[in-house]
Each structure stands twice: as C-alpha cells, then as structure tokens.
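Remarks on the structure that follows.
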There are 2 protein chains.
Amino acid sequence: MLEITPVRSLQEASHAHEPHLGTQQRLNAALAAVEARMVEVVNSDVTVLRDASRHIITSGGKRIRPRLVFLSYLALGGDDELATVDVAAAVELVHTASVVHDDINDHGIMRRGRPSVNSIWGRTFALLTGDFLFTKVYELMAPFGDLNVSLAEGTVALVEGETLQAAAVKDGNFSRAVYYDIIARKTAALFRSAADMGAQLAKGTHEQVEALRHFGFNVGLAFQIIDDVLDIVGDEAKLGKTAHIDIEQGRGFSVAHGGEGEALMDSVKSRMLEGDTIEQAKAQAQALVNVAITHLDVLPESDAKDELIALALSTIDREL
Amino acid sequence: MLEITPVRSLQEASHAHEPHLGTQQRLNAALAAVEARMVEVVNSDVTVLRDASRHIITSGGKRIRPRLVFLSYLALGGDDELATVDVAAAVELVHTASVVHDDINDHGIMRRGRPSVNSIWGRTFALLTGDFLFTKVYELMAPFGDLNVSLAEGTVALVEGETLQAAAVKDGNFSRAVYYDIIARKTAALFRSAADMGAQLAKGTHEQVEALRHFGFNVGLAFQIIDDVLDIVGDEAKLGKTAHIDIEQGRGFSVAHGGEGEALMDSVKSRMLEGDTIEQAKAQAQALVNVAITHLDVLPESDAKDELIALALSTIDREL
C-alpha cells in the first residue's frame, strides 16, 4: 500500500481528476504531481540550496502525509485532487525540512538510503537548506487562507516535539508520558494537519473534519511507535538510514517503559530488544490504529475511505 | 530616531490609534505592542524554546523592520496601526530567527550585548529555537492572506542571501557583484517586504506600494553596507556582538573591492581598514539613501513621510 504504483499512462495522469478513474489511479497521479511540484518549487539560482533540496526530495520517502491529504479530500467527496497538490507538497516539505535539521542534530550520515544533506554539504549548508525548505512551505501555502492555521499548528508542534526529545535525552528524563508527548507533537500533530487540510479542502462538515483530524493523529502515533521499533530491530540496509542512531540518541519506544526520570541511555539498547517490550509496542500501535479507523465511522462508504483504512493498517504492517 | 522613546502614559498607549496623537507617539505605542506580541507568541510549555526565544527577543535590536511596516502604513493614511502589529512582529521574528541560526554558523558568542542563544543553550537547541521562531512567523501570518506572498518572498531571499554568503566564503569568490547580490537578498529584500506589507495594509495605490518597496529595498542595502563597515571599525562594547566575526568569516563591504574570484580571507582585515575604502562605502550608502528618499516623492507630505526620511538617514548616521 505504501509503494507508489507507476502511473500507467500519461493520459491517465493528465485526467486524474476525472471521476471515472479509480481512487488508486487518482491517488498515484496526484502523488506524482506532488513530486514534480516539490522539485519545481525548490528551484533557485543558489545552486547549493537547489541541489541539496532536490537530493533529499528525490530520495523518496513514503509520502504518507500527502496521501493523508488526498485520501481525506477524496473521502469527503472532493473531485479535483490536483487542486490540492500544493498543500500536499507543503506538508511533505515541512517533514523534509525537519528531517534535514534532525540529521544535523543527530549527526545522521545516511537518510533514505543516501548520504544525508549534512554529510554531503556540511552543517552550515544543511541548516540553510532546512530553512529554505521551511520558507518554501510558506511560499506554497500563501494562497490557502485559513489552512495556514492548521499547518502552522502542526509545524509548531513538530518543532516542540523535537525539542522535548532533545531535552529528555539531555536530562535523562524519558518516562512513558514524556515519550507519548514527544511523538504526539513531533509526528502525530502533522499527520492531523494533513488529514485536516484535505478534509477542509473538500468542504467537509465540522463532524467529518474532526473525525479525520482524530484519524490522522492516531495513525501518526501508531506510525511513530512502529518507526521507533523498526529503528531498534532494523538494519541499515532495510531502513536506509544510520542504524540505531535513534537508540544512541536515547529515544525510541521502549525507553518509555523506563521509570519516571530514569536515565536510561546506557541500558536502552538491550532493554529495547526484549521481545515482550516490542510486542507491547506493537500491541499499542495496533490499538491506536483501531481507534483511528473507528473515527471513520461517520464517513460515507467509498473507495477512498477503504484506502484510508488500508493506509492506517499499513503503518503497523511494516517488516519488524 | 532609532531609540524607542518611552510611552508617556498608559492611556496614550491604549489610544495610540487615535488620530490626534503625534506620529512619533503612535509609532512608539505600536512598537511597544510589537514587543509584547513577540514575547507572547513564543510562549510554550517547552520551556527551552520559550526561554531562548524570549532571551533573544528581549535583548533589543533596532526594530527597523517593524518601523518600516508602521511608517509605510501611516504614510499612506492608515489609521489603525495597532491592527498591523502582528505583521510587524512577524517580520521582526523572521529577522530574529535568521540571527539565531546565523550565530550557529558563525560561532557567534555575543549578540546585542548578551551571550548568543547558541552559547547559552548549545547548537541543537539554538537550531530548534530558530525553527520555532520561523514557525511562529507562519502562525502569526496565517490570517493575512496575500501579504504572505510578500513576506515569503523576503524570507526566501534572506535564506538565499545567507547561503550565497557562506558559499562565497567557502569558494573565496567575493567580488563586488557577489557582495551586492548577497546584501540585496539577505537584508534588502526583507526591508522591501516590510515596507510593502505596511503599504498594502493601508490599501495604497499600485504606484505608492511600488514606491515604498523601492524605498525599503534601497534603505536595506544602505543599512547593510554601514553595518558591515561598523563591523570592521567597531569594537565589542559598542556593537554588543563578537567583534570582527564578520570579517573573520570573510564577508563585509570592502571585500567587494577585491578582484573577481580572488580569495581574500587573509588580507581582508587590513584592506578593510584603509580609510578611503570605508569612505567609499559610506558614499555608496549615502547614494542609496538618496535614491530611497527620491522614491517617496509620489507620497503626500505627512509626519510619517518625514519619519521615513529620518529613518533612511539614520541608517547611515550611525557612529563610525
């Protein structure tokens, strides 16, 4: 589900908004348009900004946030998903900017199977590339009025979450409550904004928008928990980023099972690899996905709704 | 002109938009409101973001960008400058975010007479504080529709200018043309946005808005040239930031007088201190201020226009 199926013909792509096309085809065409838009918007005669931005953008990623925008839009009856491409590109660029800055702070060497921006261009240019991506979000979103409130909310939370994480590592204060607060802000809030914006673009009712916000938020929590588990058990080849860097930085799911305020940095790795802890993490992620799907009850049945459910399930069905 | 005169009474401050108050009083009340708004908007339960943001905000600064917003607004007949406070706060926060990130890249220890965010909280939190300030700009500007296009333009240019500067240092390519390109983007573009947004908020004609954009741009160029000269001849006590750091980083006005592509890093300092080079720089800044003021010819006479002229002159009338 998280793989991008190639668009079967150019004609299909250029008519992606036509209602006779299947949801999956429309989604793929819209996602292809997002890729093109991101590459286009970071163009600059300042070549290092252009090249570093395109390096990280074209290295892939699951594009789960743009998928949330499009599927939320389609599930509420939106019929021109290509008109939502800039918003989907913007939310993905927020995530991309945070990834570039994250790799500076964590000294990440690999990202998505390629050298990180940091390791190719150095710290100064990586910092400026992240800033550039943030400013391009701002440029993309300028025409979208009140949607900016939603994306700003998710973006502020993301930076707060990253900061809470760095502070928790520094202070050795990694309780379960702190862990949930961190992942709620650094990941789930932006998932919520993505679903929210798609729903608003489709002019959903208040109840529908709220349902999709809750859906996005819970899927985001589950996604991050599984991501942290994968960081523990995965290897470099599979994940394409510096393995175990998250553990070395003292974060990750199982840390949340330590006592309140306990400094766990040294013992984190072995404890994380206890099977029952990973099973617990998976069970919690499963519960969050169940909650997410329940929130969709108020939505009419549709292919897009089914795709949202599949997306939610795919977050916990990654190779562990 | 660049000193903030204390507001004489609370009553005056709360009635700052009443037209019978003098322009200077209205400006001071609006600037006080900007200070309060910036302190308020960076509130967060993530204490390091709140504290680091307030540290840099409350350390002062000339607030020349908010002044440009207010005076452009007043000069075109705007009568409720307190309604423009959020825009003025946003443009100042763009500048503040760039300053925090700049001090990371330049290893700046002092800023505005205080230790830099970087030197107190360290690199990781300084990076996140800068990101946080950028996201708060976004939050503040969400209600302002098309003005976001203008501020995004200035912000993108700022990041491009900082990057061009870092690239020029790295490549030893500091020609006069490169220098002007750098200062146009990193400083003058945001000055232009500030004046532009003030003019747009006052619903100026196309001709008036264009005039104020050119005014802001030229004042910004002059301001940066004099800033660079001050960086060369000033001492730590006067400037309140790590003296000569800009020179050590290989930037600054006189570098622009080197040959195309010439690597000047080692000989920069002595050459910059040649009197005639500094005199040349001052002469060029003076010429730019003259051009700026000429652009105001299309504006009706008013106290606010006189204040804009005084602001332009003040940028070159700093102690050298």
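In the structure tokens, the first chain shown is A, the next is B, and so on; residue numbers restart at 1 for each chain, and ligands run from 1 in the order shown.
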
List every residue of chain A that has an atom at most 10 Å from any atom of chain B, giving for each one its closest atom pair and the distance in Å to one decimal, counting only C-alpha atoms, sorted by chain and then by ascending residue number, as a Markdown table.
| residue | atom | partner | partner_atom | distance |
| --- | --- | --- | --- | --- |
| A:Ser44 | CA | B:Glu160 | CA | 8.3 |
| A:Asp45 | CA | B:Glu160 | CA | 8.8 |
| A:Val46 | CA | B:Glu160 | CA | 6.4 |
| A:Thr47 | CA | B:Leu164 | CA | 9.1 |
| A:Val48 | CA | B:Thr163 | CA | 7.9 |
| A:Leu49 | CA | B:Glu160 | CA | 7.6 |
| A:Ala97 | CA | B:Asp131 | CA | 9.7 |
| A:Ser98 | CA | B:Asp131 | CA | 9.0 |
| A:His101 | CA | B:Leu127 | CA | 7.8 |
| A:Asp102 | CA | B:Thr124 | CA | 9.2 |
| A:Ile104 | CA | B:Thr124 | CA | 8.3 |
| A:Asn105 | CA | B:Thr124 | CA | 5.6 |
| A:Asp106 | CA | B:Thr124 | CA | 8.9 |
| A:Arg123 | CA | B:Asn105 | CA | 8.0 |
| A:Thr124 | CA | B:Asn105 | CA | 5.6 |
| A:Phe125 | CA | B:Thr163 | CA | 7.0 |
| A:Leu127 | CA | B:His101 | CA | 7.8 |
| A:Leu128 | CA | B:Val159 | CA | 6.5 |
| A:Thr129 | CA | B:Val159 | CA | 8.4 |
| A:Gly130 | CA | B:Asp131 | CA | 9.0 |
| A:Asp131 | CA | B:Val159 | CA | 6.8 |
| A:Phe132 | CA | B:Val159 | CA | 6.0 |
| A:Leu133 | CA | B:Val156 | CA | 9.0 |
| A:Phe134 | CA | B:Phe134 | CA | 7.8 |
| A:Thr135 | CA | B:Val156 | CA | 5.5 |
| A:Lys136 | CA | B:Val156 | CA | 7.0 |
| A:Val137 | CA | B:Ala152 | CA | 9.0 |
| A:Tyr138 | CA | B:Ala152 | CA | 6.0 |
| A:Glu139 | CA | B:Ala152 | CA | 5.2 |
| A:Leu140 | CA | B:Val149 | CA | 8.9 |
| A:Met141 | CA | B:Asn148 | CA | 8.4 |
| A:Ala142 | CA | B:Asn148 | CA | 5.1 |
| A:Pro143 | CA | B:Asp146 | CA | 6.6 |
| A:Phe144 | CA | B:Gly145 | CA | 7.6 |
| A:Gly145 | CA | B:Gly145 | CA | 5.5 |
| A:Asp146 | CA | B:Ala142 | CA | 6.5 |
| A:Leu147 | CA | B:Ala142 | CA | 8.0 |
| A:Asn148 | CA | B:Ala142 | CA | 5.1 |
| A:Val149 | CA | B:Ala142 | CA | 5.6 |
| A:Ser150 | CA | B:Glu139 | CA | 9.0 |
| A:Leu151 | CA | B:Glu139 | CA | 8.6 |
| A:Ala152 | CA | B:Glu139 | CA | 5.2 |
| A:Glu153 | CA | B:Glu139 | CA | 7.3 |
| A:Gly154 | CA | B:Thr135 | CA | 9.5 |
| A:Thr155 | CA | B:Thr135 | CA | 6.3 |
| A:Val156 | CA | B:Thr135 | CA | 5.5 |
| A:Ala157 | CA | B:Phe132 | CA | 9.2 |
| A:Leu158 | CA | B:Phe132 | CA | 9.2 |
| A:Val159 | CA | B:Phe132 | CA | 6.0 |
| A:Glu160 | CA | B:Val46 | CA | 6.4 |
| A:Gly161 | CA | B:Val46 | CA | 8.6 |
| A:Glu162 | CA | B:Leu128 | CA | 7.8 |
| A:Thr163 | CA | B:Leu128 | CA | 6.6 |
| A:Leu164 | CA | B:Val46 | CA | 6.6 |
| A:Ala166 | CA | B:Thr124 | CA | 7.8 |
| A:Ala167 | CA | B:Val48 | CA | 8.2 |

Residue subset to file, keeping C-alpha atoms, as a PDB file, in the first residue's frame:
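In the end it all went to again.pdb:
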ATOM      1  CA  SER A  44      16.864  28.541  -7.083  1.00  0.00           C
ATOM      2  CA  ASP A  45      19.861  30.153  -8.718  1.00  0.00           C
ATOM      3  CA  VAL A  46      21.563  29.474  -5.393  1.00  0.00           C
ATOM      4  CA  THR A  47      22.695  26.084  -6.596  1.00  0.00           C
ATOM      5  CA  VAL A  48      23.566  24.542  -3.260  1.00  0.00           C
ATOM      6  CA  LEU A  49      20.021  25.154  -1.973  1.00  0.00           C
ATOM      7  CA  ALA A  97      12.841  20.304   6.422  1.00  0.00           C
ATOM      8  CA  SER A  98      12.616  18.674   9.838  1.00  0.00           C
ATOM      9  CA  HIS A 101      17.672  19.600  10.546  1.00  0.00           C
ATOM     10  CA  ASP A 102      17.260  16.378  12.514  1.00  0.00           C
ATOM     11  CA  ILE A 104      22.346  17.831  11.769  1.00  0.00           C
ATOM     12  CA  ASN A 105      21.456  17.424  15.424  1.00  0.00           C
ATOM     13  CA  ASP A 106      21.747  13.623  15.394  1.00  0.00           C
ATOM     14  CA  ARG A 123      26.407  21.536   8.687  1.00  0.00           C
ATOM     15  CA  THR A 124      26.147  25.168   7.566  1.00  0.00           C
ATOM     16  CA  PHE A 125      24.516  24.402   4.235  1.00  0.00           C
ATOM     17  CA  LEU A 127      20.986  24.231   8.257  1.00  0.00           C
ATOM     18  CA  LEU A 128      20.288  26.726   5.484  1.00  0.00           C
ATOM     19  CA  THR A 129      18.695  24.047   3.282  1.00  0.00           C
ATOM     20  CA  GLY A 130      16.256  23.192   6.087  1.00  0.00           C
ATOM     21  CA  ASP A 131      15.469  26.888   6.492  1.00  0.00           C
ATOM     22  CA  PHE A 132      14.994  27.177   2.730  1.00  0.00           C
ATOM     23  CA  LEU A 133      12.512  24.284   2.740  1.00  0.00           C
ATOM     24  CA  PHE A 134      10.578  25.927   5.591  1.00  0.00           C
ATOM     25  CA  THR A 135      10.405  29.183   3.618  1.00  0.00           C
ATOM     26  CA  LYS A 136       9.194  27.291   0.552  1.00  0.00           C
ATOM     27  CA  VAL A 137       6.376  25.793   2.625  1.00  0.00           C
ATOM     28  CA  TYR A 138       5.439  29.312   3.497  1.00  0.00           C
ATOM     29  CA  GLU A 139       5.532  30.356  -0.171  1.00  0.00           C
ATOM     30  CA  LEU A 140       3.437  27.367  -1.283  1.00  0.00           C
ATOM     31  CA  MET A 141       0.795  27.955   1.375  1.00  0.00           C
ATOM     32  CA  ALA A 142       0.432  31.719   0.914  1.00  0.00           C
ATOM     33  CA  PRO A 143      -2.740  31.391  -1.213  1.00  0.00           C
ATOM     34  CA  PHE A 144      -4.517  28.994   1.161  1.00  0.00           C
ATOM     35  CA  GLY A 145      -6.001  31.301   3.792  1.00  0.00           C
ATOM     36  CA  ASP A 146      -7.227  29.540   6.918  1.00  0.00           C
ATOM     37  CA  LEU A 147      -5.494  26.270   6.060  1.00  0.00           C
ATOM     38  CA  ASN A 148      -2.345  28.025   7.204  1.00  0.00           C
ATOM     39  CA  VAL A 149      -3.676  27.926  10.760  1.00  0.00           C
ATOM     40  CA  SER A 150      -3.829  24.152  10.600  1.00  0.00           C
ATOM     41  CA  LEU A 151      -0.392  23.666   9.067  1.00  0.00           C
ATOM     42  CA  ALA A 152       1.183  26.199  11.439  1.00  0.00           C
ATOM     43  CA  GLU A 153      -0.290  24.261  14.356  1.00  0.00           C
ATOM     44  CA  GLY A 154       1.252  21.022  13.131  1.00  0.00           C
ATOM     45  CA  THR A 155       4.588  22.669  12.354  1.00  0.00           C
ATOM     46  CA  VAL A 156       4.900  24.417  15.725  1.00  0.00           C
ATOM     47  CA  ALA A 157       4.097  21.109  17.436  1.00  0.00           C
ATOM     48  CA  LEU A 158       6.727  19.303  15.353  1.00  0.00           C
ATOM     49  CA  VAL A 159       9.475  21.682  16.481  1.00  0.00           C
ATOM     50  CA  GLU A 160       8.252  21.476  20.072  1.00  0.00           C
ATOM     51  CA  GLY A 161       8.311  17.678  19.899  1.00  0.00           C
ATOM     52  CA  GLU A 162      11.850  17.590  18.525  1.00  0.00           C
ATOM     53  CA  THR A 163      12.885  19.952  21.305  1.00  0.00           C
ATOM     54  CA  LEU A 164      11.190  17.893  24.032  1.00  0.00           C
ATOM     55  CA  ALA A 166      16.422  16.616  22.795  1.00  0.00           C
ATOM     56  CA  ALA A 167      15.662  17.916  26.291  1.00  0.00           C
TER      57      ALA A 167
END

Exercise for the section: Write out as number ranges by chain the residues lying within 8 Å of Thr187 in chain A, counting only C-alpha atoms and excluding same-chain residues fewer than 2 positions away. Expected result: A: 158, 161, 183-185, 189-191, 220-221, 224

Could you take the residues named above and write them with C-alpha atoms, as an mmCIF file, in the first residue's frame?
data_model
loop_
_atom_site.group_PDB
_atom_site.id
_atom_site.type_symbol
_atom_site.label_atom_id
_atom_site.label_comp_id
_atom_site.auth_asym_id
_atom_site.auth_seq_id
_atom_site.Cartn_x
_atom_site.Cartn_y
_atom_site.Cartn_z
ATOM 1 C CA LEU A 158 6.727 19.303 15.353
ATOM 2 C CA GLY A 161 8.311 17.678 19.899
ATOM 3 C CA ILE A 183 5.546 11.535 19.465
ATOM 4 C CA ALA A 184 2.197 13.331 19.676
ATOM 5 C CA ARG A 185 3.913 16.596 18.818
ATOM 6 C CA ALA A 189 0.274 16.640 15.028
ATOM 7 C CA LEU A 190 1.470 16.974 11.410
ATOM 8 C CA PHE A 191 -0.475 13.839 10.381
ATOM 9 C CA GLY A 220 0.581 9.307 13.427
ATOM 10 C CA LEU A 221 1.099 7.931 16.924
ATOM 11 C CA GLN A 224 5.948 6.685 15.100
#

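Closest approach to Gln25 in chain A among A:Met110, A:Ala202, A:Ala304, A:Ala310: A:Ala304, based on only C-alpha atoms.
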
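Looking only at range 56-224 of chain A, the set that DSSP places in strand (DSSP E or B) from backbone geometry is Met110, Arg111, Arg114 and Pro115 of chain A.
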
Handout entry: Computed interatomic separation between CA of Val117 in chain B and CA of Asp181 in chain A (Å)
Key =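 Computing it gives 25.0 Å between the two atoms.
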
Exercise for the section: Just list the residues in range 6-163 of chain A DSSP gives helix (DSSP H, G or I) on the backbone, as a ChimeraX atom specification. Expected result: /A:10-14,23-41,47-57,64-75,81-105,117-121,123-144,147-163

Handout entry: Two-atom distance - CA of Leu74 in chain A, CA of Arg112 in chain A (Å)
Key = 28.9 Å

Practice task
In Å, rounded to a single decimal, give me how far CA of Val69 in chain A is from CA of Ala36 in chain A.
Solution key: 16.6 Å

Problem - For Ala211 in chain A: contacts at 12 Å, only C-alpha atoms, fewer than 2 positions along chain excluded, given as JSON, numbers by chain - result: {"A": [72, 75, 76, 192, 195, 196, 199, 200, 204, 205, 206, 207, 208, 209, 213, 214, 215, 216, 217, 218, 291, 292, 293, 294, 295, 296, 297, 298, 299, 300]}

Output C-alpha atoms for every residue in the selection just made, as an mmCIF file, in the first residue's frame.
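Wrote again.cif, looks like this:
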data_model
loop_
_atom_site.group_PDB
_atom_site.id
_atom_site.type_symbol
_atom_site.label_atom_id
_atom_site.label_comp_id
_atom_site.auth_asym_id
_atom_site.auth_seq_id
_atom_site.Cartn_x
_atom_site.Cartn_y
_atom_site.Cartn_z
ATOM 1 C CA SER A 72 -9.134 12.722 3.263
ATOM 2 C CA ALA A 75 -13.238 10.517 1.144
ATOM 3 C CA LEU A 76 -15.314 13.669 1.676
ATOM 4 C CA ARG A 192 -3.515 15.527 11.939
ATOM 5 C CA ALA A 195 -5.906 14.996 7.216
ATOM 6 C CA ASP A 196 -7.460 18.221 8.454
ATOM 7 C CA ALA A 199 -10.958 17.498 4.785
ATOM 8 C CA GLN A 200 -11.229 21.282 4.782
ATOM 9 C CA GLY A 204 -16.368 18.613 4.931
ATOM 10 C CA THR A 205 -18.777 19.172 7.795
ATOM 11 C CA HIS A 206 -17.383 20.007 11.220
ATOM 12 C CA GLU A 207 -18.011 16.418 12.317
ATOM 13 C CA GLN A 208 -16.211 14.987 9.287
ATOM 14 C CA VAL A 209 -13.231 17.293 9.680
ATOM 15 C CA ARG A 213 -8.237 15.014 12.434
ATOM 16 C CA HIS A 214 -8.549 12.263 15.053
ATOM 17 C CA PHE A 215 -7.858 9.634 12.411
ATOM 18 C CA GLY A 216 -4.654 11.382 11.334
ATOM 19 C CA PHE A 217 -3.493 11.944 14.889
ATOM 20 C CA ASN A 218 -3.921 8.304 15.947
ATOM 21 C CA VAL A 291 -9.173 3.822 17.294
ATOM 22 C CA ALA A 292 -8.206 5.699 14.165
ATOM 23 C CA ILE A 293 -10.369 3.503 11.975
ATOM 24 C CA THR A 294 -13.312 3.822 14.354
ATOM 25 C CA HIS A 295 -13.229 7.568 13.846
ATOM 26 C CA LEU A 296 -14.007 6.986 10.169
ATOM 27 C CA ASP A 297 -17.431 5.569 11.040
ATOM 28 C CA VAL A 298 -19.056 8.939 10.399
ATOM 29 C CA LEU A 299 -17.759 8.993 6.814
ATOM 30 C CA PRO A 300 -19.793 7.594 3.948
#

Exercise for the section: Determine, counting only C-alpha atoms, which protein, DNA and RNA residues have an atom within 12 Å of an atom of Ala83 in chain B; residues of the same chain fewer than 3 positions away are not included. Present the result as an MDAnalysis selection string. Expected result: chainID B and resid 16:17 30 33:34 37 69:70 73:74 78:80 86:89 143:144 198 201:202

Emit the selected residues as a CSV table (one decimal), in the first residue's frame, including C-alpha atoms.
chain,number,residue,atom,x,y,z
B,16,ALA,CA,-2.4,55.0,20.1
B,17,HIS,CA,-4.6,54.7,17.0
B,30,ALA,CA,2.8,50.4,18.2
B,33,ALA,CA,2.8,46.5,21.2
B,34,VAL,CA,5.1,44.6,18.9
B,37,ARG,CA,3.2,40.4,20.9
B,69,VAL,CA,5.8,48.5,8.4
B,70,PHE,CA,4.2,51.1,10.6
B,73,TYR,CA,1.2,52.2,6.7
B,74,LEU,CA,0.8,55.7,8.3
B,78,GLY,CA,-3.5,54.1,7.6
B,79,ASP,CA,-5.3,55.0,10.8
B,80,ASP,CA,-5.2,51.9,13.0
B,86,ASP,CA,1.1,41.0,14.1
B,87,VAL,CA,2.6,41.7,10.7
B,88,ALA,CA,5.3,43.9,12.2
B,89,ALA,CA,6.0,41.2,14.8
B,143,PRO,CA,-4.8,35.4,8.9
B,144,PHE,CA,-3.1,37.8,6.4
B,198,GLY,CA,2.7,48.3,5.5
B,201,LEU,CA,-2.3,47.2,4.8
B,202,ALA,CA,-3.0,50.8,4.2
